[in-house]
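What follows is target25.txt (compact mmCIF, C-alpha atoms).
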```txt
# COMPACT_ATOMS: atom_id res chain seq x y z
CA MET A 1 -35.62 -39.98 -2.41
CA THR A 2 -36.92 -37.34 -4.82
CA THR A 3 -35.44 -34.02 -5.80
CA ASP A 4 -37.25 -30.92 -6.96
CA PRO A 5 -37.24 -30.27 -10.72
CA PRO A 6 -34.51 -27.83 -11.71
CA ILE A 7 -34.75 -24.22 -12.84
CA ALA A 8 -33.99 -23.71 -16.55
CA TYR A 9 -31.96 -20.94 -18.18
CA ALA A 10 -30.40 -20.36 -21.59
CA GLY A 11 -26.64 -20.52 -21.88
CA GLU A 12 -23.64 -22.29 -20.44
CA PRO A 13 -22.84 -22.45 -16.72
CA GLY A 14 -21.31 -19.13 -15.76
CA ALA A 15 -23.75 -17.14 -17.89
CA PHE A 16 -25.47 -14.09 -16.45
CA ALA A 17 -28.71 -16.07 -16.68
CA GLU A 18 -27.27 -18.61 -14.24
CA ASP A 19 -26.38 -15.70 -11.94
CA ALA A 20 -30.04 -14.68 -12.14
CA VAL A 21 -31.19 -18.17 -11.17
CA ILE A 22 -28.85 -18.21 -8.17
CA ASP A 23 -29.86 -14.69 -7.10
CA ALA A 24 -33.55 -15.55 -7.32
CA PHE A 25 -33.66 -19.10 -5.96
CA GLY A 26 -30.33 -19.79 -4.28
CA ASP A 27 -28.03 -22.70 -5.13
CA VAL A 28 -30.83 -24.93 -6.46
CA PRO A 29 -30.68 -27.64 -9.14
CA ARG A 30 -30.60 -25.96 -12.54
CA VAL A 31 -30.35 -26.94 -16.18
CA SER A 32 -28.67 -24.97 -18.98
CA LEU A 33 -30.35 -24.97 -22.38
CA GLY A 34 -29.31 -23.80 -25.82
CA SER A 35 -31.88 -21.10 -26.52
CA PHE A 36 -34.65 -18.98 -25.04
CA ARG A 37 -37.20 -21.04 -26.97
CA GLU A 38 -35.92 -24.22 -25.34
CA VAL A 39 -36.44 -22.63 -21.93
CA PHE A 40 -40.04 -21.76 -22.74
CA GLU A 41 -40.77 -25.18 -24.22
CA THR A 42 -39.16 -27.01 -21.30
CA VAL A 43 -41.16 -24.99 -18.77
CA ALA A 44 -44.36 -25.50 -20.77
CA GLY A 45 -43.67 -29.23 -20.86
CA GLY A 46 -43.45 -29.40 -17.08
CA ASP A 47 -39.92 -30.78 -16.99
CA VAL A 48 -38.67 -27.93 -14.79
CA THR A 49 -40.13 -25.86 -11.97
CA ALA A 50 -39.55 -22.56 -13.74
CA GLY A 51 -37.34 -20.80 -16.25
CA VAL A 52 -35.34 -17.58 -16.07
CA VAL A 53 -34.86 -15.42 -19.20
CA PRO A 54 -33.68 -11.83 -19.77
CA ILE A 55 -36.30 -9.25 -20.68
CA GLU A 56 -34.39 -5.95 -20.79
CA ASN A 57 -30.99 -4.36 -20.34
CA VAL A 58 -30.41 -0.75 -19.26
CA ILE A 59 -28.13 -0.11 -22.29
CA ASN A 60 -29.51 -2.25 -25.10
CA GLY A 61 -33.17 -2.24 -24.10
CA SER A 62 -35.61 -5.09 -24.62
CA VAL A 63 -34.87 -8.70 -25.48
CA ARG A 64 -37.69 -8.76 -27.99
CA GLU A 65 -37.54 -12.47 -28.76
CA ASN A 66 -38.74 -13.19 -25.24
CA TYR A 67 -41.72 -10.86 -25.60
CA ASP A 68 -42.81 -12.87 -28.65
CA LEU A 69 -42.26 -16.16 -26.80
CA LEU A 70 -44.40 -14.97 -23.90
CA LEU A 71 -47.33 -14.44 -26.24
CA GLU A 72 -46.71 -17.76 -27.95
CA HIS A 73 -46.80 -19.86 -24.76
CA GLU A 74 -49.42 -20.21 -22.04
CA LEU A 75 -47.02 -19.33 -19.25
CA SER A 76 -47.02 -16.67 -16.56
CA ILE A 77 -44.37 -14.28 -15.28
CA ARG A 78 -43.95 -15.26 -11.62
CA GLY A 79 -41.16 -12.92 -10.56
CA GLU A 80 -38.12 -10.92 -11.63
CA VAL A 81 -34.52 -10.39 -10.64
CA VAL A 82 -32.03 -7.68 -11.61
CA VAL A 83 -28.43 -8.81 -12.21
CA PRO A 84 -25.43 -6.46 -12.43
CA VAL A 85 -23.51 -6.98 -15.67
CA ARG A 86 -19.72 -6.83 -15.34
CA LEU A 87 -17.93 -7.60 -18.61
CA CYS A 88 -14.34 -8.58 -19.22
CA LEU A 89 -12.30 -9.66 -22.23
CA ALA A 90 -10.65 -13.04 -21.69
CA ALA A 91 -8.55 -15.43 -23.77
CA LEU A 92 -6.43 -18.55 -23.49
CA PRO A 93 -3.51 -18.22 -21.05
CA GLY A 94 -0.47 -16.46 -22.45
CA GLN A 95 -2.41 -14.29 -24.89
CA HIS A 96 -2.15 -10.49 -24.95
CA LEU A 97 -4.41 -7.80 -26.37
CA ASP A 98 -2.13 -7.40 -29.40
CA ASP A 99 -2.56 -11.11 -30.18
CA ILE A 100 -6.33 -10.89 -30.46
CA GLU A 101 -7.98 -10.80 -33.90
CA ARG A 102 -11.53 -12.01 -33.07
CA VAL A 103 -13.92 -11.34 -30.21
CA TYR A 104 -16.88 -13.62 -29.56
CA SER A 105 -19.94 -12.90 -27.46
CA HIS A 106 -23.71 -12.52 -27.46
CA ILE A 107 -24.88 -9.60 -29.58
CA GLN A 108 -26.33 -7.84 -26.52
CA ALA A 109 -22.99 -8.01 -24.70
CA LEU A 110 -21.09 -6.75 -27.75
CA GLY A 111 -23.38 -3.73 -27.80
CA GLN A 112 -22.82 -3.13 -24.10
CA ALA A 113 -19.03 -2.84 -24.56
CA GLU A 114 -19.04 -1.10 -27.93
CA GLY A 115 -16.90 1.82 -26.78
CA PHE A 116 -14.03 -0.47 -25.75
CA LEU A 117 -14.33 -2.85 -28.69
CA ARG A 118 -14.20 -0.09 -31.31
CA ARG A 119 -10.72 0.97 -30.20
CA ARG A 120 -9.13 -1.91 -32.11
CA PRO A 121 -9.80 -3.50 -35.53
CA TRP A 122 -11.16 -6.72 -34.05
CA GLN A 123 -13.60 -8.92 -35.90
CA LEU A 124 -16.72 -9.14 -33.72
CA LEU A 125 -18.55 -12.47 -33.94
CA THR A 126 -21.87 -13.24 -32.28
CA THR A 127 -22.62 -16.36 -30.27
CA TYR A 128 -25.78 -17.52 -28.54
CA ASN A 129 -24.40 -16.78 -25.10
CA THR A 130 -21.57 -14.91 -23.34
CA ALA A 131 -20.36 -17.90 -21.33
CA GLY A 132 -20.71 -20.12 -24.40
CA ALA A 133 -18.25 -17.87 -26.21
CA GLY A 134 -15.65 -18.57 -23.57
CA LYS A 135 -16.37 -22.29 -23.51
CA SER A 136 -15.97 -22.53 -27.29
CA ILE A 137 -12.58 -20.82 -27.22
CA ALA A 138 -11.41 -23.11 -24.41
CA ASP A 139 -12.75 -26.28 -26.04
CA ARG A 140 -11.14 -25.47 -29.40
CA GLY A 141 -7.93 -24.09 -27.92
CA GLU A 142 -8.46 -21.14 -30.23
CA ARG A 143 -5.63 -18.66 -30.08
CA GLY A 144 -6.00 -15.17 -31.49
CA ALA A 145 -9.54 -15.10 -30.10
CA ALA A 146 -11.11 -13.61 -27.00
CA ALA A 147 -14.51 -13.80 -25.38
CA LEU A 148 -16.55 -10.99 -23.86
CA LEU A 149 -18.11 -12.49 -20.75
CA SER A 150 -18.27 -12.30 -16.96
CA PRO A 151 -15.15 -12.79 -14.82
CA ARG A 152 -16.85 -15.80 -13.18
CA ALA A 153 -17.36 -17.47 -16.54
CA ALA A 154 -13.80 -16.68 -17.61
CA ALA A 155 -12.47 -18.42 -14.51
CA MET A 156 -14.74 -21.45 -15.05
CA PHE A 157 -13.23 -22.07 -18.50
CA GLY A 158 -9.62 -21.38 -17.53
CA LEU A 159 -9.32 -18.12 -19.46
CA GLU A 160 -7.12 -15.18 -18.49
CA ILE A 161 -8.63 -11.72 -18.26
CA LEU A 162 -7.01 -9.28 -20.68
CA ALA A 163 -9.21 -6.29 -19.79
CA ASP A 164 -11.74 -5.97 -16.99
CA ASP A 165 -14.77 -3.74 -16.40
CA ILE A 166 -15.02 -2.75 -20.05
CA GLY A 167 -18.75 -2.14 -20.25
CA ASP A 168 -20.00 1.20 -21.56
CA ALA A 169 -21.90 1.95 -18.32
CA PRO A 170 -20.62 1.26 -14.80
CA ASP A 171 -24.16 0.53 -13.57
CA ASN A 172 -25.05 -1.85 -16.39
CA ARG A 173 -27.63 -4.44 -15.35
CA THR A 174 -30.17 -6.79 -16.86
CA ARG A 175 -33.68 -7.55 -15.67
CA PHE A 176 -34.63 -11.22 -15.85
CA ILE A 177 -38.11 -12.66 -15.49
CA VAL A 178 -39.10 -15.95 -13.91
CA ILE A 179 -41.60 -17.87 -16.04
CA GLY A 180 -43.75 -20.75 -14.86
CA SER A 181 -47.06 -22.41 -15.50
CA ALA A 182 -50.16 -20.79 -14.06
CA ALA A 183 -50.64 -23.90 -11.93
CA ALA A 184 -47.08 -23.87 -10.57
CA GLY A 185 -48.08 -21.88 -7.51
CA ASP A 186 -45.51 -20.87 -4.97
CA ALA A 187 -43.02 -23.40 -6.35
CA ALA A 188 -42.12 -20.90 -9.07
CA VAL A 189 -41.86 -17.85 -6.84
CA PRO A 190 -38.28 -16.73 -6.13
CA SER A 191 -37.14 -17.18 -2.55
CA ASN A 192 -35.52 -13.77 -2.12
CA PHE A 193 -38.77 -11.76 -1.87
CA THR A 194 -39.93 -10.65 1.57
CA GLY A 195 -43.43 -9.47 0.68
CA ASP A 196 -42.63 -5.82 1.33
CA GLU A 197 -41.74 -4.97 -2.27
CA ALA A 198 -43.94 -3.19 -4.77
CA TRP A 199 -45.87 -5.11 -7.42
CA ARG A 200 -45.61 -5.02 -11.19
CA THR A 201 -48.12 -6.31 -13.74
CA THR A 202 -47.04 -7.08 -17.30
CA LEU A 203 -49.67 -7.25 -20.01
CA ALA A 204 -50.11 -7.17 -23.77
CA PHE A 205 -52.99 -5.62 -25.68
CA GLY A 206 -53.97 -5.08 -29.28
CA VAL A 207 -55.58 -2.05 -30.86
CA ARG A 208 -57.46 -1.63 -34.11
CA ASN A 209 -55.72 0.21 -36.94
CA GLU A 210 -57.82 3.35 -36.67
CA PRO A 211 -57.29 6.93 -35.47
CA GLY A 212 -57.20 7.38 -31.71
CA SER A 213 -57.19 3.70 -30.80
CA LEU A 214 -53.92 3.78 -28.85
CA LEU A 215 -54.91 7.06 -27.17
CA ARG A 216 -58.18 5.53 -25.94
CA ALA A 217 -56.24 2.57 -24.51
CA LEU A 218 -53.82 4.81 -22.64
CA GLU A 219 -56.64 7.03 -21.37
CA ALA A 220 -58.43 3.97 -19.98
CA VAL A 221 -55.43 3.27 -17.76
CA ALA A 222 -54.70 6.90 -16.87
CA ALA A 223 -58.30 7.51 -15.83
CA ARG A 224 -57.83 4.96 -13.03
CA ASP A 225 -54.64 6.71 -11.86
CA VAL A 226 -52.55 3.65 -12.70
CA ASN A 227 -48.95 4.30 -13.77
CA LEU A 228 -47.53 2.78 -16.96
CA SER A 229 -43.83 2.33 -16.34
CA ARG A 230 -43.10 0.84 -19.75
CA LEU A 231 -44.72 0.72 -23.19
CA GLU A 232 -43.49 -0.68 -26.49
CA SER A 233 -44.90 -2.29 -29.61
CA ARG A 234 -44.32 -5.51 -31.55
CA PRO A 235 -45.81 -6.61 -34.90
CA SER A 236 -48.99 -8.60 -34.31
CA ARG A 237 -47.97 -11.34 -36.83
CA LEU A 238 -51.67 -11.63 -37.72
CA ARG A 239 -52.17 -8.62 -39.99
CA ALA A 240 -49.69 -6.36 -41.75
CA TRP A 241 -49.07 -3.03 -40.00
CA GLU A 242 -51.02 -3.95 -36.88
CA TYR A 243 -49.25 -4.11 -33.56
CA VAL A 244 -49.37 -5.59 -30.11
CA PHE A 245 -48.46 -3.23 -27.29
CA TRP A 246 -46.60 -4.40 -24.23
CA THR A 247 -46.74 -2.51 -20.99
CA ASP A 248 -45.71 -2.78 -17.36
CA VAL A 249 -48.04 -1.13 -14.88
CA ASP A 250 -47.33 -0.42 -11.25
CA GLY A 251 -49.47 -2.53 -8.93
CA ALA A 252 -50.93 -6.02 -8.65
CA ALA A 253 -53.57 -7.16 -11.13
CA GLY A 254 -55.95 -7.87 -8.25
CA ALA A 255 -55.70 -4.38 -6.76
CA PRO A 256 -58.97 -2.45 -7.23
CA ASP A 257 -57.47 0.36 -9.33
CA VAL A 258 -55.48 -1.99 -11.60
CA ALA A 259 -58.40 -4.40 -11.97
CA ALA A 260 -60.68 -1.52 -12.98
CA ALA A 261 -58.10 -0.23 -15.46
CA LEU A 262 -57.81 -3.68 -17.04
CA GLU A 263 -61.59 -3.89 -17.41
CA ASP A 264 -61.72 -0.45 -19.02
CA LEU A 265 -58.79 -1.34 -21.27
CA ALA A 266 -60.53 -4.49 -22.50
CA ALA A 267 -63.50 -2.37 -23.59
CA VAL A 268 -61.43 -0.26 -26.02
CA THR A 269 -58.93 -2.83 -27.36
CA SER A 270 -59.09 -5.96 -29.51
CA PHE A 271 -57.63 -8.11 -26.72
CA VAL A 272 -55.91 -7.86 -23.34
CA ARG A 273 -53.72 -10.58 -21.88
CA VAL A 274 -52.15 -10.33 -18.44
CA LEU A 275 -48.76 -12.04 -18.64
CA GLY A 276 -48.09 -11.91 -14.93
CA SER A 277 -48.45 -9.97 -11.73
CA TYR A 278 -45.42 -10.25 -9.48
CA LEU A 279 -43.24 -8.58 -6.89
CA ARG A 280 -40.71 -6.15 -8.30
CA ALA A 281 -37.06 -6.91 -7.65
CA THR A 282 -35.01 -4.41 -5.70
CA ASP A 283 -32.62 -2.72 -8.11
```
Could you render the structure from this file as structure tokens?
Amino acid sequence: MTTDPPIAYAGEPGAFAEDAVIDAFGDVPRVSLGSFREVFETVAGGDVTAGVVPIENVINGSVRENYDLLLEHELSIRGEVVVPVRLCLAALPGQHLDDIERVYSHIQALGQAEGFLRRRPWQLLTTYNTAGAGKSIADRGERGAAALLSPRAAAMFGLEILADDIGDAPDNRTRFIVIGSAAAGDAAVPSNFTGDEAWRTTLAFGVRNEPGSLLRALEAVAARDVNLSRLESRPSRLRAWEYVFWTDVDGAAGAPDVAAALEDLAAVTSFVRVLGSYLRATD
């Protein structure tokens, strides 16, 4: 009897990334890894069906490390899922807010609850993962410390919630992408899509360091009446002061208008790479 390869994510069980896996694929076999890079390398090695990593948060913006990893690996974005982010402060049983001296969490989560955390003189310490912060406190039996994490993760590690719903925005959420090999086919497509949703295409392109180069690239897309819903830059890592631009466009790469825009874009840029064309998650 064989079982399907698992879905990979970064973090401990109970992490928001695991929530994203469950939301996208259901209660499937899954493997937790220690970093985003490990997820990419494990997917590229074929040991898992797909990986799920965060790409942006409505408060803190982009997870830029994953943009760089997308360019570094020959993988494709096969889907996305949006996960609500509910944050709580939790500690070992019997602790109170006045007992806490240190708060551990991922740097993104600390930024998403900054308003609450600044009310007290706590030492804020970063960890690789929200759920991992809670696990570390539980494993060490560390008193005087609290973790900023999800209520589900707090319960998994036997922590008591000292303050709930402490995020800066009540509608906080994170968009995760599903990455897989180009040959993975439907095996890496999330199961919660019906086919009625709109499409999104994510791509990266480079421009020469000369006047008007970015404008010509944007005009190439606009001339085809294709909407850019997102645009940001990252250092190219090839030459100083040259940049790679990342963009999301509305529509599938194979649609006539998007395909024409991509062809026009290639004519005025140093390179164009389509990272994936996939169904947009309902928000």
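The nearest approach to Glu160 (chain A) among the residues A:Arg175, A:Arg216, A:His96, A:Arg30, with only C-alpha atoms taken into account, belongs to A:His96.
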Problem set entry | Residue with smallest distance to Asp23 (chain A) - pool A:Ala90, A:Gly79, A:Glu114, A:Pro151, counting only C-alpha atoms | A:Gly79
Exercise. If you measure from CA of Ser32 (chain A) to CA of Gln95 (chain A), what distance in Å do you get, rounded to one decimal?
Worked result: 29.0 Å
Problem set entry | Spatial neighbours of Leu124 (chain A), 12 Å, only C-alpha atoms, chain gap at least 2 places, as a ChimeraX atom specification | /A:100-107,109-111,113-114,117-118,120-122,126-127,133,145-148
Problem set entry | Among listed residues A:Ala91, A:Ala222, A:Leu275, A:Val52, nearest Ala261 (chain A) (using only C-alpha atoms) | A:Ala222
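One finds CA of Asp19 (chain A) at 26.0 Å from CA of Glu72 (chain A).
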Problem set entry | Which of A:Val63, A:Arg119, A:Gly11, A:Gly206 sits closest to Arg237 (chain A) [using only C-alpha atoms] | A:Gly206
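Here CA of Val43 (chain A) is placed at a distance of 10.1 Å from CA of Tyr9 (chain A).
Omitting Val81 (chain A) and its sequence neighbours fewer than 3 positions away, and counting all atoms listed in the file, the residues within 8 Å are Ala20, Asp23, Ala24, Arg175, Phe176, Ile177, Val178, Arg280, Ala281 and Thr282 of chain A.
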Problem set entry | Close residues, Gly167 (chain A) itself excluded, 8 Å, all atoms listed in the file, min 3 positions apart in chain, as a PyMOL selection string | chain A and resi 86-88+112-116+170+172
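Residue nearest Gly251 (chain A), chosen from A:Gly34, A:Pro235, A:Pro93, A:Gly276 and counting all atoms listed in the file: A:Gly276.
Omitting Pro5 (chain A) and its sequence neighbours fewer than 3 positions away, and counting all atoms listed in the file, the residues within 8 Å are A:Pro29, A:Asp47, A:Val48, A:Thr49.
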